[in-house]
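Asker: This is the content of target_27.cif (mmCIF, C-alpha atoms):
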data_upload
#
loop_
_atom_site.label_atom_id
_atom_site.label_comp_id
_atom_site.auth_asym_id
_atom_site.auth_seq_id
_atom_site.Cartn_x
_atom_site.Cartn_y
_atom_site.Cartn_z
CA GLN A 1 0.00 0.00 0.00
CA GLN A 2 2.87 2.37 0.78
CA GLN A 3 4.51 1.68 -2.61
CA GLN A 4 1.22 2.17 -4.44
CA GLN A 5 0.71 5.45 -2.59
CA GLN A 6 4.18 6.67 -3.55
CA GLN A 7 3.72 5.66 -7.19
CA GLY A 8 0.37 7.38 -7.41
CA GLN A 9 1.73 10.59 -5.91
CA GLN A 10 4.75 10.50 -8.24
CA GLU A 11 2.40 10.21 -11.20
CA GLN A 12 0.55 13.28 -9.91
CA GLY A 13 3.78 15.27 -9.99
CA ILE A 14 4.87 15.30 -6.35
CA GLY A 15 8.21 13.72 -7.27
CA LYS A 16 11.25 13.71 -5.05
CA ALA A 17 9.73 15.83 -2.31
CA SER A 18 7.07 13.17 -1.69
CA ASN A 19 9.71 10.47 -1.45
CA SER A 20 11.50 12.38 1.29
CA ASN A 21 8.31 13.14 3.19
CA PRO A 22 8.41 11.35 6.60
CA ALA A 23 4.65 10.93 6.49
CA ILE A 24 4.99 8.76 3.39
CA ASP A 25 8.28 7.01 4.11
CA HIS A 26 7.14 6.00 7.62
CA PRO A 27 3.34 5.56 7.72
CA LYS A 28 1.80 5.87 11.17
CA ILE A 29 0.24 2.77 12.75
CA ASN A 30 -2.46 3.49 15.30
CA ASP A 31 -2.76 1.28 18.35
CA GLY A 32 -6.23 0.01 17.38
CA PRO A 33 -5.08 -2.93 15.21
CA LEU A 34 -2.08 -3.65 17.42
CA MET A 35 -4.26 -3.78 20.54
CA GLU A 36 -5.81 -6.96 19.16
CA VAL A 37 -2.32 -8.49 19.03
CA LEU A 38 -1.58 -7.43 22.63
CA GLN A 39 -4.90 -8.79 23.84
CA ALA A 40 -4.27 -12.07 22.06
CA CYS A 41 -0.88 -12.29 23.77
CA ALA A 42 -2.64 -11.99 27.13
CA ARG A 43 -4.57 -15.17 26.30
CA TRP A 44 -1.77 -17.10 24.61
CA PRO A 45 -0.88 -20.36 26.43
CA ASP A 46 2.88 -20.02 25.90
CA VAL A 47 3.63 -17.04 28.17
CA SER A 48 7.26 -16.68 27.06
CA GLU A 49 6.28 -16.54 23.40
CA ALA A 50 3.44 -14.16 24.22
CA LYS A 51 5.85 -11.89 26.08
CA GLU A 52 8.24 -11.76 23.10
CA VAL A 53 5.47 -10.93 20.64
CA ALA A 54 3.95 -8.33 22.98
CA LEU A 55 7.27 -6.54 23.43
CA GLN A 56 7.83 -6.49 19.68
CA THR A 57 4.30 -5.21 19.08
CA PHE A 58 4.65 -2.46 21.67
CA GLY A 59 8.01 -1.48 20.15
CA VAL A 60 6.46 -1.19 16.69
CA LEU A 61 3.73 1.00 18.16
CA GLU A 62 6.25 3.23 19.92
CA ARG A 63 8.35 3.72 16.79
CA SER A 64 5.26 4.42 14.74
CA LEU A 65 3.90 7.02 17.13
CA SER A 66 7.25 8.79 17.31
CA ILE A 67 6.77 9.81 13.67
CA SER A 68 4.14 12.39 12.83
CA ASN A 69 1.98 12.31 9.74
CA TYR A 70 -0.47 14.81 11.18
CA HIS A 71 0.59 17.79 9.10
CA PRO A 72 -1.55 20.86 8.51
CA ARG A 73 -3.04 21.30 5.06
CA SER A 74 -0.70 24.20 4.36
CA TYR A 75 2.27 21.83 4.77
CA TYR A 76 1.27 19.77 1.75
CA LEU A 77 0.26 22.82 -0.26
CA LYS A 78 3.71 24.32 0.28
CA LEU A 79 5.27 20.98 -0.56
CA LEU A 80 3.43 20.81 -3.88
CA GLY A 81 4.14 24.45 -4.61
CA GLY A 82 7.85 24.09 -3.87
CA GLU A 83 8.16 21.07 -6.18
CA SER A 84 6.31 22.67 -9.04
CA GLN A 85 8.31 25.89 -8.81
CA GLY A 86 11.62 24.10 -8.20
CA SER A 87 12.03 26.06 -4.99
CA ALA A 88 14.78 25.12 -2.57
CA ASP A 89 12.31 25.68 0.26
CA ALA A 90 10.84 22.24 -0.40
CA ALA A 91 13.86 20.61 1.22
CA THR A 92 13.19 22.48 4.45
CA LEU A 93 9.72 20.93 4.66
CA GLU A 94 10.99 17.41 5.19
CA LEU A 95 10.99 17.68 8.98
CA PRO A 96 7.57 17.18 10.56
CA PRO A 97 6.09 19.98 12.64
CA PRO A 98 6.25 19.86 16.46
CA MET A 99 3.99 17.24 17.93
CA ASP A 100 2.34 16.90 21.32
CA LEU A 101 3.42 14.00 23.54
CA ARG A 102 -0.16 12.73 23.53
CA LEU A 103 0.44 11.60 19.95
CA LYS A 104 3.90 10.22 20.63
CA ALA A 105 3.07 7.83 23.49
CA PRO A 106 1.09 4.60 23.15
CA SER A 107 -2.33 4.66 24.71
CA VAL A 108 -3.03 3.79 28.33
CA ALA A 109 -4.85 0.66 27.16
CA ALA A 110 -1.73 -0.47 25.30
CA HIS A 111 0.36 -0.01 28.47
CA HIS A 112 -2.18 -2.00 30.51
CA ALA A 113 -2.25 -4.79 27.92
CA LEU A 114 1.56 -5.00 27.94
CA ALA A 115 1.60 -5.08 31.75
CA HIS A 116 -0.91 -7.93 31.66
CA VAL A 117 1.30 -10.01 29.37
CA LEU A 118 4.44 -9.27 31.39
CA ALA A 119 2.70 -10.16 34.67
CA ARG A 120 1.63 -13.52 33.25
CA ALA A 121 5.29 -14.13 32.44
CA CYS A 122 6.28 -12.96 35.97
CA ASP A 123 8.70 -10.41 34.49
CA TRP A 124 8.36 -7.98 37.39
CA PRO A 125 11.19 -5.58 36.43
CA ALA A 126 9.46 -5.00 33.10
CA VAL A 127 6.04 -4.69 34.79
CA PHE A 128 7.30 -1.97 37.12
CA ASP A 129 8.94 -0.18 34.18
CA VAL A 130 5.51 -0.03 32.51
CA VAL A 131 4.03 1.36 35.75
CA ALA A 132 6.75 4.03 35.85
CA ARG A 133 5.90 5.05 32.30
CA LEU A 134 2.22 5.30 33.14
CA GLU A 135 3.08 7.50 36.12
CA GLN A 136 5.04 9.79 33.80
CA LEU A 137 1.94 10.17 31.63
CA VAL A 138 -0.05 11.08 34.75
CA GLU A 139 2.55 13.65 35.83
CA ARG A 140 2.43 15.31 32.43
CA GLY A 141 -1.36 15.52 32.49
CA ILE A 142 -1.81 13.10 29.62
CA ALA A 143 -3.58 10.43 31.70
CA ARG A 144 -5.67 10.48 34.85
CA PRO A 145 -4.36 9.06 38.15
CA VAL A 146 -6.87 6.20 37.96
CA VAL A 147 -4.75 4.55 35.23
CA VAL A 148 -2.24 3.43 37.90
CA SER A 149 -4.92 2.11 40.24
CA VAL A 150 -4.40 -1.51 41.22
CA HIS A 151 -8.18 -1.91 41.39
CA ARG A 152 -8.61 -0.67 37.82
CA GLY A 153 -6.19 -0.94 34.89
CA LEU A 154 -3.26 -2.42 36.86
CA GLY A 155 -5.43 -5.07 38.47
CA CYS A 156 -4.11 -7.52 35.87
CA ALA A 157 -0.62 -7.19 37.37
CA ALA A 158 -1.92 -8.10 40.84
CA GLU A 159 -3.79 -11.04 39.35
CA GLY A 160 -0.49 -12.20 37.87
CA ILE A 161 0.89 -12.56 41.39
CA ALA A 162 -2.23 -14.26 42.72
CA ASN A 163 -2.33 -16.74 39.81
CA ALA A 164 1.42 -17.36 39.51
CA PRO A 165 2.37 -21.05 39.00
CA SER A 166 4.91 -20.77 41.83
CA GLY A 167 2.23 -19.72 44.32
CA VAL A 168 1.08 -16.35 45.53
CA LYS A 169 3.60 -16.02 48.38
CA ALA A 170 6.60 -16.97 46.23
CA ALA A 171 5.55 -14.64 43.41
CA ALA A 172 4.95 -11.78 45.86
CA ALA A 173 8.39 -12.34 47.39
CA VAL A 174 10.05 -12.14 43.96
CA ALA A 175 8.12 -9.00 43.07
CA TYR A 176 8.96 -7.38 46.42
CA ASN A 177 12.66 -8.22 46.01
CA THR A 178 12.49 -6.61 42.57
CA LEU A 179 11.21 -3.41 44.17
CA ALA A 180 13.98 -3.54 46.80
CA LEU A 181 16.61 -3.86 44.07
CA ARG A 182 14.95 -1.10 42.13
CA GLN A 183 15.10 1.23 45.14
CA ALA A 184 18.72 0.26 45.91
CA SER A 185 19.74 1.15 42.35
CA GLY A 186 18.25 4.63 42.68
CA GLN A 187 15.13 4.00 40.62
CA PRO A 188 11.85 5.32 42.00
CA VAL A 189 9.49 2.98 43.82
CA SER A 190 5.92 4.24 44.07
CA CYS A 191 2.75 3.33 45.93
CA ALA A 192 1.27 1.97 42.71
CA MET A 193 4.15 -0.52 42.41
CA MET A 194 3.87 -1.63 46.02
CA ASN A 195 0.10 -1.87 45.70
CA ILE A 196 0.51 -4.49 42.97
CA VAL A 197 2.31 -6.80 45.40
CA LEU A 198 -0.11 -5.98 48.21
CA ARG A 199 -3.23 -6.68 46.21
CA GLY A 200 -1.68 -9.83 44.77
CA LEU A 201 -1.46 -11.15 48.32
CA ALA A 202 -4.98 -9.91 49.00
CA LEU A 203 -6.43 -11.78 46.03
CA GLY A 204 -4.77 -14.91 47.40
CA GLY A 205 -6.45 -14.39 50.78
CA GLU A 206 -3.09 -14.02 52.56
CA VAL A 207 -4.27 -11.78 55.39
CA ASP A 208 -1.16 -12.02 57.58
CA ALA A 209 1.30 -11.51 54.71
CA CYS A 210 -0.81 -8.63 53.45
CA SER A 211 -0.74 -6.96 56.87
CA ARG A 212 3.04 -7.35 57.16
CA LEU A 213 3.60 -5.82 53.73
CA PHE A 214 1.25 -3.00 54.66
CA GLU A 215 3.66 -2.09 57.46
CA GLU A 216 6.60 -2.20 55.03
CA TYR A 217 5.28 0.95 53.35
CA LYS A 218 6.74 3.00 56.19
CA VAL A 219 10.13 1.31 55.78
CA ALA A 220 10.10 2.18 52.08
CA GLY A 221 9.06 5.77 52.86
CA LEU A 222 5.71 5.40 51.09
CA PRO A 223 2.35 6.69 52.34
CA HIS A 224 -0.73 4.50 52.57
CA ASP A 225 -3.20 5.45 49.86
CA PHE A 226 -6.80 4.28 49.37
CA ALA A 227 -5.71 1.35 47.23
CA ALA A 228 -3.45 0.05 50.01
CA TYR A 229 -6.22 0.20 52.62
CA ASN A 230 -8.67 -1.41 50.22
CA ALA A 231 -6.22 -4.20 49.46
CA VAL A 232 -5.94 -5.13 53.15
CA ILE A 233 -9.73 -5.05 53.45
CA GLU A 234 -9.99 -7.17 50.32
CA SER A 235 -7.65 -9.76 51.84
CA CYS A 236 -10.05 -10.15 54.76
CA CYS A 237 -13.00 -10.48 52.39
CA VAL A 238 -11.28 -13.06 50.16
CA ALA A 239 -10.34 -15.06 53.26
CA LYS A 240 -14.03 -14.95 54.25
CA LYS A 241 -13.26 -12.90 57.34
CA PRO A 242 -15.11 -9.66 56.57
CA GLN A 243 -15.58 -8.84 60.24
CA ALA A 244 -11.78 -8.49 60.54
CA ALA A 245 -11.93 -5.67 57.99
CA TYR A 246 -13.57 -3.40 60.55
CA GLY A 247 -10.22 -3.18 62.32
CA VAL A 248 -8.82 -1.61 59.14
CA LEU A 249 -11.73 0.84 59.03
CA ASP A 250 -11.05 1.84 62.63
CA TYR A 251 -7.37 2.38 61.81
CA MET A 252 -8.36 4.52 58.82
CA ALA A 253 -10.40 6.70 61.16
CA THR A 254 -7.35 7.29 63.38
CA GLN A 255 -5.44 8.41 60.26
CA ASN A 256 -8.25 10.78 59.22
CA VAL A 257 -8.88 8.71 56.08
CA SER A 258 -12.52 8.28 55.07
CA PRO A 259 -13.50 5.01 53.36
CA GLY A 260 -14.79 5.37 49.83
CA THR A 261 -17.19 3.58 47.53
CA ASP A 262 -14.77 0.79 46.69
CA THR A 263 -14.08 0.14 50.38
CA TYR A 264 -17.68 -0.42 51.36
CA ASP A 265 -18.45 -2.22 48.12
CA LEU A 266 -15.82 -4.81 49.05
CA LEU A 267 -17.38 -5.26 52.49
CA LEU A 268 -20.94 -5.46 51.23
CA ARG A 269 -20.07 -7.98 48.53
CA ALA A 270 -18.21 -10.12 51.08
CA PHE A 271 -21.16 -10.21 53.48
CA VAL A 272 -23.62 -10.86 50.65
CA SER A 273 -21.47 -13.70 49.31
CA ALA A 274 -21.37 -15.21 52.81
CA GLU A 275 -25.17 -14.64 53.06
CA ASP A 276 -24.60 -12.76 56.31
CA VAL A 277 -27.51 -10.35 56.19
CA ASP A 278 -26.75 -8.84 59.61
CA GLY A 279 -23.18 -8.11 58.57
CA ALA A 280 -24.40 -6.56 55.31
CA LEU A 281 -26.81 -4.34 57.23
CA GLU A 282 -24.03 -3.22 59.58
CA ALA A 283 -21.79 -2.39 56.62
CA LEU A 284 -24.62 -0.41 55.02
CA GLN A 285 -25.20 1.55 58.23
CA ARG A 286 -21.50 2.44 58.50
CA LEU A 287 -21.55 3.44 54.84
CA ARG A 288 -24.32 5.94 55.52
CA LYS A 289 -22.54 7.22 58.61
CA ASP A 290 -19.46 8.02 56.50
CA ASN A 291 -21.60 9.64 53.76
CA ALA A 292 -20.30 7.16 51.21
CA ARG A 293 -22.15 5.43 48.39
CA ALA A 294 -22.37 1.82 47.37
CA LYS A 295 -22.55 0.45 43.86
CA TYR A 296 -26.02 -0.15 42.51
CA SER A 297 -25.44 -3.82 41.68
CA THR A 298 -24.08 -4.55 45.16
CA VAL A 299 -27.01 -2.86 46.90
CA THR A 300 -29.41 -4.80 44.68
CA ALA A 301 -27.71 -8.06 45.66
CA GLY A 302 -28.00 -7.07 49.32
CA LEU A 303 -31.71 -6.36 48.88
CA ASN A 304 -32.27 -9.76 47.28
CA LEU A 305 -30.44 -11.42 50.17
CA ALA A 306 -32.53 -9.55 52.76
CA ARG A 307 -35.72 -10.61 51.02
CA ARG A 308 -34.64 -14.25 50.86
CA LYS A 309 -33.84 -14.17 54.57
CA TYR A 310 -37.11 -12.33 55.36
CA HIS A 311 -35.11 -9.67 57.17
CA ASP A 312 -37.47 -6.66 57.32
CA ALA A 313 -34.97 -4.16 58.74
CA ALA A 314 -32.34 -5.01 56.13
CA THR A 315 -34.93 -4.97 53.33
CA SER A 316 -36.10 -1.50 54.34
CA ALA A 317 -32.50 -0.20 54.62
CA PHE A 318 -31.47 -1.51 51.20
CA LEU A 319 -34.64 -0.12 49.60
CA LYS A 320 -33.83 3.32 51.01
CA GLU A 321 -30.27 3.06 49.72
CA LEU A 322 -31.50 2.18 46.24
CA ALA A 323 -33.84 5.18 46.28
CA ALA A 324 -30.96 7.42 47.35
CA LEU A 325 -28.79 6.05 44.54
CA ASP A 326 -31.56 6.67 42.00
CA ALA A 327 -31.91 10.26 43.21
CA TYR A 328 -28.14 10.76 43.04
CA GLU A 329 -27.95 9.40 39.49
CA ARG A 330 -30.81 11.69 38.43
CA ARG A 331 -28.99 14.70 39.90
CA GLN A 332 -25.79 13.72 38.14
CA GLN A 333 -27.62 13.34 34.85
CA GLN A 334 -29.21 16.77 35.27
CA LEU A 335 -25.82 18.32 36.00
CA GLU A 336 -24.35 16.71 32.90
CA GLU A 337 -27.21 17.99 30.78
CA GLN A 338 -26.75 21.49 32.17
CA GLN A 339 -23.03 21.37 31.43
CA GLU A 340 -23.72 20.26 27.85
CA GLN A 341 -26.20 23.10 27.38
CA GLN A 342 -23.67 25.61 28.73
CA GLN A 343 -20.99 24.30 26.37
CA GLN A 344 -23.36 24.55 23.41
CA GLN A 345 -24.27 28.13 24.37
CA GLN A 346 -20.61 29.06 24.63
CA GLN A 347 -19.88 27.55 21.22
CA GLN A 348 -22.80 29.45 19.70
#
As C-alpha cells, how would this structure be written, given the file I've shared?
Answerer:
Amino acid sequence: QQQQQQQGQQEQGIGKASNSNPAIDHPKINDGPLMEVLQACARWPDVSEAKEVALQTFGVLERSLSISNYHPRSYYLKLLGGESQGSADAATLELPPPMDLRLKAPSVAAHHALAHVLARACDWPAVFDVVARLEQLVERGIARPVVVSVHRGLGCAAEGIANAPSGVKAAAAVAYNTLALRQASGQPVSCAMMNIVLRGLALGGEVDACSRLFEEYKVAGLPHDFAAYNAVIESCCVAKKPQAAYGVLDYMATQNVSPGTDTYDLLLRAFVSAEDVDGALEALQRLRKDNARAKYSTVTAGLNLARRKYHDAATSAFLKELAALDAYERRQQQLEEQQEQQQQQQQQ
C-alpha cells in the first residue's frame, strides 16, 4: 500500500519531495489494530512466546507514534508548490512539525495490555517499568491518576501474582525483592508498584502476609493510599473474614482517612457472598454514617439477600439506599445535561 501510494503521488507530480516526506516514508500505525495483538498475547498459552510478541508489538507501536503524519493542510500545499516551482524551500519541509506528547506515546490501554502479558510471564522488572511510564503520563497531564490504580487498569498485574504457578507467596516475594533492588539502584518505587504486590497477596487471601507488607510501606518511605487500605480489606474479604476488615476501618479513622465507595463495596459484597444479612446491614449503616455510596449492583444483591432471609430491617434499609442512589444518578444526569447546554451556548 505504501509503494502504491508513492507511485500514485509521483504520477501526480509530487516527485522527489514526496519520497522524502516522513509521512509517506514511515506511515503511522495506530494502536487500534495492534491492541488486538496485545490482547491475544494476554490469552496465549505459551507465556514466554506471548511476552516476546507483545514486546515487539509495543516497540512497533512506539516507533510508529514517534513519527508524525499529522501535518496541517498548508504543509502539503507548500510541498506541492515548492516542487512545481523548483524552490529550494521544499527541502526544508521534510521535517515534521512539532507534535504533542499525547500523539507520541502509546495509549493507556496499550500499556495495561503489555503489563498484563508481562505479569503472566512474571517479568516484574518489566512490569514496574511499565508502571513508571504510566506514572510519567499522569505527571504530564496526559492520563488520569486512575490509570495506575491496582483496582482498575493495573489489576491484571496483581492477578499475575495471585495466579502465579509458583504460588502467591513466592511470586509476591520475587516482586517485592524486585522493588527492593529497584530502590537500591536509585530507581523510583511508588505506591502503585507496592500496591501491585499488596493486592496480589490480598487476592490470594493471605491476610497475615498482606498486613506485614502494609507495614513495610513506612520502611520504604511510602504513604498508605486508598488502594493500600482497600487491598488489606480485600484480603479479609477473600479469606471470608469480613468482620476483621472493621479493624482496618477503625485504623483509617485514626489516620483521618474516610473510606470510599470501593471500600464499602468490598465489604458489602463479602457479606452478601457469605449470606450474612446482619453483617451486610451493619456495613450499610456504616456506609451511611461516612456519607459514602455503594454500587447499585451490590445494593441490589444485598436487597435480594434480605428478602430471601425475610429480614425486614435489612430490606427496608437496602430499599432506602436504592432510592438514594436513584436520586443521586438523576442529579448527576441533570448536571451533565446542564453542562452540555452551557458548552453549546458558549460555542454558539
Asker: Can you tell me which residues surround range 295-309 of chain A at a distance of at most 8 Å, considering all atoms listed in the file, apart from same-chain residues fewer than 3 positions away, and format the answer as a PyMOL selection string?
Answerer: chain A and resi 261+265+268-269+272+275+277+280+312+314-315+318-319+321-322+325
Asker: To verify the selection step, state as a PyMOL selection string which residues the PyMOL selection byres ((chain A and resi 36) around 12) yields on this input.
Answerer: chain A and resi 30-35+37-43+54+57-58+109-110+113-114
Asker: Quick one: distance from CA of Val232 in chain A to CA of Ala115 in chain A in Å, one decimal?
Answerer: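 So the answer is 22.7 Å.
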Asker: For Leu154 in chain A, work out the shell of residues within 12 Å, counting only C-alpha atoms and skipping chain neighbours fewer than 3 positions away, then give it as a PDB file with C-alpha atoms, in the frame of the given file.
Answerer:
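Once written, result-v2.pdb looks like this:
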ATOM      1  CA  VAL A 108      -3.030   3.790  28.330  1.00  0.00           C
ATOM      2  CA  ALA A 109      -4.850   0.660  27.160  1.00  0.00           C
ATOM      3  CA  ALA A 110      -1.730  -0.470  25.300  1.00  0.00           C
ATOM      4  CA  HIS A 111       0.360  -0.010  28.470  1.00  0.00           C
ATOM      5  CA  HIS A 112      -2.180  -2.000  30.510  1.00  0.00           C
ATOM      6  CA  ALA A 113      -2.250  -4.790  27.920  1.00  0.00           C
ATOM      7  CA  LEU A 114       1.560  -5.000  27.940  1.00  0.00           C
ATOM      8  CA  ALA A 115       1.600  -5.080  31.750  1.00  0.00           C
ATOM      9  CA  HIS A 116      -0.910  -7.930  31.660  1.00  0.00           C
ATOM     10  CA  VAL A 117       1.300 -10.010  29.370  1.00  0.00           C
ATOM     11  CA  LEU A 118       4.440  -9.270  31.390  1.00  0.00           C
ATOM     12  CA  ALA A 119       2.700 -10.160  34.670  1.00  0.00           C
ATOM     13  CA  VAL A 127       6.040  -4.690  34.790  1.00  0.00           C
ATOM     14  CA  PHE A 128       7.300  -1.970  37.120  1.00  0.00           C
ATOM     15  CA  VAL A 130       5.510  -0.030  32.510  1.00  0.00           C
ATOM     16  CA  VAL A 131       4.030   1.360  35.750  1.00  0.00           C
ATOM     17  CA  ALA A 132       6.750   4.030  35.850  1.00  0.00           C
ATOM     18  CA  LEU A 134       2.220   5.300  33.140  1.00  0.00           C
ATOM     19  CA  GLU A 135       3.080   7.500  36.120  1.00  0.00           C
ATOM     20  CA  PRO A 145      -4.360   9.060  38.150  1.00  0.00           C
ATOM     21  CA  VAL A 146      -6.870   6.200  37.960  1.00  0.00           C
ATOM     22  CA  VAL A 147      -4.750   4.550  35.230  1.00  0.00           C
ATOM     23  CA  VAL A 148      -2.240   3.430  37.900  1.00  0.00           C
ATOM     24  CA  SER A 149      -4.920   2.110  40.240  1.00  0.00           C
ATOM     25  CA  VAL A 150      -4.400  -1.510  41.220  1.00  0.00           C
ATOM     26  CA  HIS A 151      -8.180  -1.910  41.390  1.00  0.00           C
ATOM     27  CA  ALA A 157      -0.620  -7.190  37.370  1.00  0.00           C
ATOM     28  CA  ALA A 158      -1.920  -8.100  40.840  1.00  0.00           C
ATOM     29  CA  GLU A 159      -3.790 -11.040  39.350  1.00  0.00           C
ATOM     30  CA  GLY A 160      -0.490 -12.200  37.870  1.00  0.00           C
ATOM     31  CA  ILE A 161       0.890 -12.560  41.390  1.00  0.00           C
ATOM     32  CA  ALA A 192       1.270   1.970  42.710  1.00  0.00           C
ATOM     33  CA  MET A 193       4.150  -0.520  42.410  1.00  0.00           C
ATOM     34  CA  MET A 194       3.870  -1.630  46.020  1.00  0.00           C
ATOM     35  CA  ASN A 195       0.100  -1.870  45.700  1.00  0.00           C
ATOM     36  CA  ILE A 196       0.510  -4.490  42.970  1.00  0.00           C
ATOM     37  CA  VAL A 197       2.310  -6.800  45.400  1.00  0.00           C
ATOM     38  CA  ARG A 199      -3.230  -6.680  46.210  1.00  0.00           C
ATOM     39  CA  GLY A 200      -1.680  -9.830  44.770  1.00  0.00           C
ATOM     40  CA  ALA A 227      -5.710   1.350  47.230  1.00  0.00           C
TER      41      ALA A 227
END
Asker: Please list as a PyMOL selection string every residue within 6 Å of range 204-209 of chain A, counting all atoms listed in the file and excluding residues in the same chain fewer than 6 positions away.
Answerer: chain A and resi 162+235+238-239
Asker: Would you mind exporting C-alpha atoms of the selected residues as a JSON list (two decimals), in the frame of the given file?
Answerer:
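Here's the written file selection.json:
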[["chain", "number", "residue", "atom", "x", "y", "z"],
["A", 162, "ALA", "CA", -2.23, -14.26, 42.72],
["A", 235, "SER", "CA", -7.65, -9.76, 51.84],
["A", 238, "VAL", "CA", -11.28, -13.06, 50.16],
["A", 239, "ALA", "CA", -10.34, -15.06, 53.26]]
Asker: Please indicate the distance in Å from CA of Tyr264 in chain A to CA of Leu287 in chain A, rounded to one decimal place.
Answerer: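 For CA of Tyr264 in chain A relative to CA of Leu287 in chain A, the distance reads 6.5 Å.
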Asker: For a test of reading the model, state the distance in Å between CA of Val138 in chain A and CA of Ser107 in chain A, rounded to one decimal.
Answerer: 12.1 Å
Asker: So, with only C-alpha atoms as the atoms that count, which of A:Asn230, A:Gln56, A:Gln285, A:Gln344 lies closest to Ala245 in chain A?
Answerer: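 Residue with the minimum atom-to-atom distance to Ala245 in chain A: A:Asn230.
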Asker: Could you tell me which residues the PyMOL selection byres ((chain A and resi 181-188) around 12) returns for this structure, as a PDB file with C-alpha atoms, keeping the file's coordinate frame?
Answerer:
ATOM      1  CA  TRP A 124       8.360  -7.980  37.390  1.00  0.00           C
ATOM      2  CA  PRO A 125      11.190  -5.580  36.430  1.00  0.00           C
ATOM      3  CA  ALA A 126       9.460  -5.000  33.100  1.00  0.00           C
ATOM      4  CA  PHE A 128       7.300  -1.970  37.120  1.00  0.00           C
ATOM      5  CA  ASP A 129       8.940  -0.180  34.180  1.00  0.00           C
ATOM      6  CA  VAL A 131       4.030   1.360  35.750  1.00  0.00           C
ATOM      7  CA  ALA A 132       6.750   4.030  35.850  1.00  0.00           C
ATOM      8  CA  ARG A 133       5.900   5.050  32.300  1.00  0.00           C
ATOM      9  CA  GLU A 135       3.080   7.500  36.120  1.00  0.00           C
ATOM     10  CA  GLN A 136       5.040   9.790  33.800  1.00  0.00           C
ATOM     11  CA  VAL A 174      10.050 -12.140  43.960  1.00  0.00           C
ATOM     12  CA  ALA A 175       8.120  -9.000  43.070  1.00  0.00           C
ATOM     13  CA  TYR A 176       8.960  -7.380  46.420  1.00  0.00           C
ATOM     14  CA  ASN A 177      12.660  -8.220  46.010  1.00  0.00           C
ATOM     15  CA  THR A 178      12.490  -6.610  42.570  1.00  0.00           C
ATOM     16  CA  LEU A 179      11.210  -3.410  44.170  1.00  0.00           C
ATOM     17  CA  ALA A 180      13.980  -3.540  46.800  1.00  0.00           C
ATOM     18  CA  VAL A 189       9.490   2.980  43.820  1.00  0.00           C
ATOM     19  CA  SER A 190       5.920   4.240  44.070  1.00  0.00           C
ATOM     20  CA  CYS A 191       2.750   3.330  45.930  1.00  0.00           C
ATOM     21  CA  ALA A 192       1.270   1.970  42.710  1.00  0.00           C
ATOM     22  CA  MET A 193       4.150  -0.520  42.410  1.00  0.00           C
ATOM     23  CA  MET A 194       3.870  -1.630  46.020  1.00  0.00           C
ATOM     24  CA  VAL A 219      10.130   1.310  55.780  1.00  0.00           C
ATOM     25  CA  ALA A 220      10.100   2.180  52.080  1.00  0.00           C
ATOM     26  CA  GLY A 221       9.060   5.770  52.860  1.00  0.00           C
ATOM     27  CA  LEU A 222       5.710   5.400  51.090  1.00  0.00           C
TER      28      LEU A 222
END
Asker: Enumerate, as a PyMOL selection string, the residues matched when the PyMOL selection byres ((chain A and resi 248) around 10) is run on the file above.
Answerer: chain A and resi 211+229-230+232-233+236+243-247+249-254+259
Asker: Please list as a short mmCIF file (atom, residue, chain, number, x, y, z; two decimals) with C-alpha atoms, keeping the file's coordinate frame every residue within 8 Å of Ala270 in chain A, counting only C-alpha atoms and excluding residues in the same chain fewer than 5 positions away.
Answerer:
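What ended up in selection-v3.cif:
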data_model
loop_
_atom_site.label_atom_id
_atom_site.label_comp_id
_atom_site.auth_asym_id
_atom_site.auth_seq_id
_atom_site.Cartn_x
_atom_site.Cartn_y
_atom_site.Cartn_z
CA CYS A 237 -13.00 -10.48 52.39
CA VAL A 238 -11.28 -13.06 50.16
CA LYS A 240 -14.03 -14.95 54.25
CA PRO A 242 -15.11 -9.66 56.57
#
Asker: Could you extract range 183-203 of chain A of the given structure into a file holding C-alpha atoms, as a short mmCIF file (atom, residue, chain, number, x, y, z; two decimals), in the first residue's frame?
Answerer:
data_model
loop_
_atom_site.label_atom_id
_atom_site.label_comp_id
_atom_site.auth_asym_id
_atom_site.auth_seq_id
_atom_site.Cartn_x
_atom_site.Cartn_y
_atom_site.Cartn_z
CA GLN A 183 15.10 1.23 45.14
CA ALA A 184 18.72 0.26 45.91
CA SER A 185 19.74 1.15 42.35
CA GLY A 186 18.25 4.63 42.68
CA GLN A 187 15.13 4.00 40.62
CA PRO A 188 11.85 5.32 42.00
CA VAL A 189 9.49 2.98 43.82
CA SER A 190 5.92 4.24 44.07
CA CYS A 191 2.75 3.33 45.93
CA ALA A 192 1.27 1.97 42.71
CA MET A 193 4.15 -0.52 42.41
CA MET A 194 3.87 -1.63 46.02
CA ASN A 195 0.10 -1.87 45.70
CA ILE A 196 0.51 -4.49 42.97
CA VAL A 197 2.31 -6.80 45.40
CA LEU A 198 -0.11 -5.98 48.21
CA ARG A 199 -3.23 -6.68 46.21
CA GLY A 200 -1.68 -9.83 44.77
CA LEU A 201 -1.46 -11.15 48.32
CA ALA A 202 -4.98 -9.91 49.00
CA LEU A 203 -6.43 -11.78 46.03
#
